[in-house]
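Below is one structure, written out as structure tokens; comments come after it.
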Amino acid sequence: AGPGPVCPEVGKGEQQVQRRGGEVREEDGRLDEEERRGDEQRGGEESPPAVERLGDDRADASDRFAAAVTALFGLADSTDDREAVAAAASGHTAALDGIVADPTDWADEAIRKVFDLGTSAPKLAPLFGTTGESDIELPAACSDEARLRAIEARGQMFTGAGALDRASAEFDTLVETARDCPGVDADERRLTALYGRCQIARRRGEHEAAERHARERRSLAESLDSPREVAQSRLLLGQIAHGRGDLDEAETELTAALETFEALKEPRAEAETRRERGLVAAYRGNHGTATEHLRRSLERYRELDDRRGEASVLSHLGELDRQRRDVEAASERFLRALEIAREIGDRALEGESLATLANLELTAGHLDAA
């Protein structure tokens, strides 16, 4: 055994983050046992300090957040509210002029930005509530597309938060609502919902259901003649095949998906597909190929400022370092991945990072630390 743990500070940080993470979940009375069981599946990106402080108020964070967001959105509908803001700001601001010029465009953009906050930091999902019960009121001025985007975002954030029943309900609502919106591409929402259902099934370990959703999605995408969505479905099928150990099928699906994403210049999808290609190569023992795919994936995620993707790839690269017995390099990558996971509130990734650090301590002979 070595002189001491490779990463002695891990435990303390874990306790601090667990306390912080628990505060948001406990203070919203609408959260149930599903979210508590889903602790290991939480994800998201770092949220601004002001919102973090709001989430730390145990008394009425959800109500206060809903009131603030509703008031913001209400500027698109209310002349009186805009005049009150203008008076407080000693005159009309450029932003207020923009609302008056095109309230629908402004409202849609405001909704996108606010709900993107939740999808990038799913630990804030309790503040948004479910579509049917949320106190957040969308403005009358917003488009049907924006209303559907809010439902989709809730599905994504509840998936990241591990509240899988709620996520599934949101995707059902998305499809049902899209049918009633004239001028909206309902098939596009079916694609989104099938993707969400596939991810939910994978998280639950329901591999047959995940594959069924992915194949249905691919058939729909092919009928719509959408190369991007076909490639996205093939990525899902590659991930599922990898999960059941069929590496040949996984490589076939992932290679086809990667070729399409590169041709379409889809950097985020390319990053995800390269990560999967790297994992398949690593499982086959082709560490050089694995490292190349993972490094290129990491570059893409960093270019996109996708911290969740960055942390995931760092963890996988660290595992390759560990297998090469480069303890220092592995430790550095695992700790960075853990740090990001805790900052963004991704409980699943945090758990994976802690597990890899435990393996690293075992490799070094530090049984207690492991």
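Just remember, in the structure tokens the first chain shown is A, the second B, etc., residues are 1-based per chain, and ligands are 1-based in the order shown.
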Just list as a PyMOL selection string whatever in region 140-172 of chain A DSSP marks as alpha helix (DSSP H).
chain A and resi 144-161+164-172
Once you have the residues from the selection above, write them out as a short mmCIF file (atom, residue, chain, number, x, y, z; two decimals), in the first residue's frame, restricted to C-alpha atoms.
data_model
loop_
_atom_site.label_atom_id
_atom_site.label_comp_id
_atom_site.auth_asym_id
_atom_site.auth_seq_id
_atom_site.Cartn_x
_atom_site.Cartn_y
_atom_site.Cartn_z
CA ASP A 144 -47.11 27.25 -29.85
CA GLU A 145 -43.52 26.26 -30.61
CA ALA A 146 -42.37 27.93 -27.39
CA ARG A 147 -45.11 26.23 -25.36
CA LEU A 148 -44.04 22.87 -26.74
CA ARG A 149 -40.40 23.69 -26.04
CA ALA A 150 -41.29 24.25 -22.37
CA ILE A 151 -42.91 20.80 -22.18
CA GLU A 152 -39.94 19.18 -23.91
CA ALA A 153 -37.54 20.95 -21.54
CA ARG A 154 -39.41 19.64 -18.51
CA GLY A 155 -39.11 16.13 -19.91
CA GLN A 156 -35.39 16.59 -20.34
CA MET A 157 -34.77 18.13 -16.94
CA PHE A 158 -36.82 15.49 -15.08
CA THR A 159 -34.91 12.80 -16.95
CA GLY A 160 -31.65 14.38 -15.82
CA ALA A 161 -32.99 14.71 -12.29
CA LEU A 164 -38.37 9.24 -14.67
CA ASP A 165 -42.14 8.85 -14.21
CA ARG A 166 -42.53 12.61 -14.41
CA ALA A 167 -40.23 12.78 -17.42
CA SER A 168 -42.26 10.11 -19.21
CA ALA A 169 -45.48 11.99 -18.49
CA GLU A 170 -44.01 15.18 -19.95
CA PHE A 171 -43.08 13.40 -23.20
CA ASP A 172 -46.63 12.01 -23.42
#
Which region 279-322 of chain A residues have any atom within 12 Å of an atom of region 252-258 of chain A, and for each, what is the nearest pair of atoms with distance in Å to one decimal, counting only C-alpha atoms, rows sorted by chain and number, as CSV?
residue,atom,partner,partner_atom,distance
A:Leu279,CA,A:Leu254,CA,11.1
A:Val280,CA,A:Leu254,CA,9.5
A:Ala281,CA,A:Leu254,CA,11.4
A:His293,CA,A:Leu258,CA,11.0
A:Ser297,CA,A:Leu258,CA,11.5
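Distances here use only C-alpha atoms; by that measure, the residue among A:Ala178, A:Arg190, A:Gly318, A:Gln239 closest to Glu216 (chain A) is A:Arg190.
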Using only C-alpha atoms for the distances, tell me which of A:Arg277, A:Gly118, A:Thr130, A:Arg202 is nearest to Thr173 (chain A).
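Of the candidates, the smallest distance to Thr173 (chain A) is held by A:Thr130.
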Which residues are near Leu235 (chain A)? Cut-off 12 Å, only C-alpha atoms, ignore same chain within fewer than 3 positions. Put them as a ChimeraX atom specification.
/A:195,198-199,211,214-215,217-218,228-232,238-242,249-261,269-277
Report, in Å with one decimal, the straight-line distance from CA of Leu138 (chain A) to CA of Phe73 (chain A).
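One can read the CA of Leu138 (chain A) to CA of Phe73 (chain A) distance as 6.4 Å.
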Do you know which residues are at most 8 Å from Ile340 (chain A) counting only C-alpha atoms, after dropping those on the same chain fewer than 6 positions away, and could you put them as an NGL selection string?
:A and (307-308 or 311)
How would the residues just picked look written out with N, CA and C atoms as a PDB file, in the first residue's frame?
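Wrote it out as result-v2.pdb, contents follow:
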ATOM      1  N   ARG A 307     -20.291  21.108 -20.324  1.00  0.00           N
ATOM      2  CA  ARG A 307     -19.516  20.648 -19.177  1.00  0.00           C
ATOM      3  C   ARG A 307     -19.863  19.213 -18.789  1.00  0.00           C
ATOM      4  N   ARG A 308     -21.097  18.827 -18.982  1.00  0.00           N
ATOM      5  CA  ARG A 308     -21.476  17.451 -18.687  1.00  0.00           C
ATOM      6  C   ARG A 308     -20.725  16.488 -19.606  1.00  0.00           C
ATOM      7  N   ALA A 311     -17.005  16.366 -18.634  1.00  0.00           N
ATOM      8  CA  ALA A 311     -16.739  15.555 -17.446  1.00  0.00           C
ATOM      9  C   ALA A 311     -16.817  14.071 -17.767  1.00  0.00           C
TER      10      ALA A 311
END
Gly278 (chain A) environment, 7 Å, only C-alpha atoms, sequence neighbours closer than 6 positions dropped, as a count of residues only
5
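Taking CA of Ile136 (chain A) and CA of Ala66 (chain A) as endpoints, the distance between them is 4.7 Å.
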Smallest atom-to-atom distance to Asn359 (chain A): which of A:Asp97, A:Glu137, A:Glu222, A:Glu319, using only C-alpha atoms?
A:Glu319
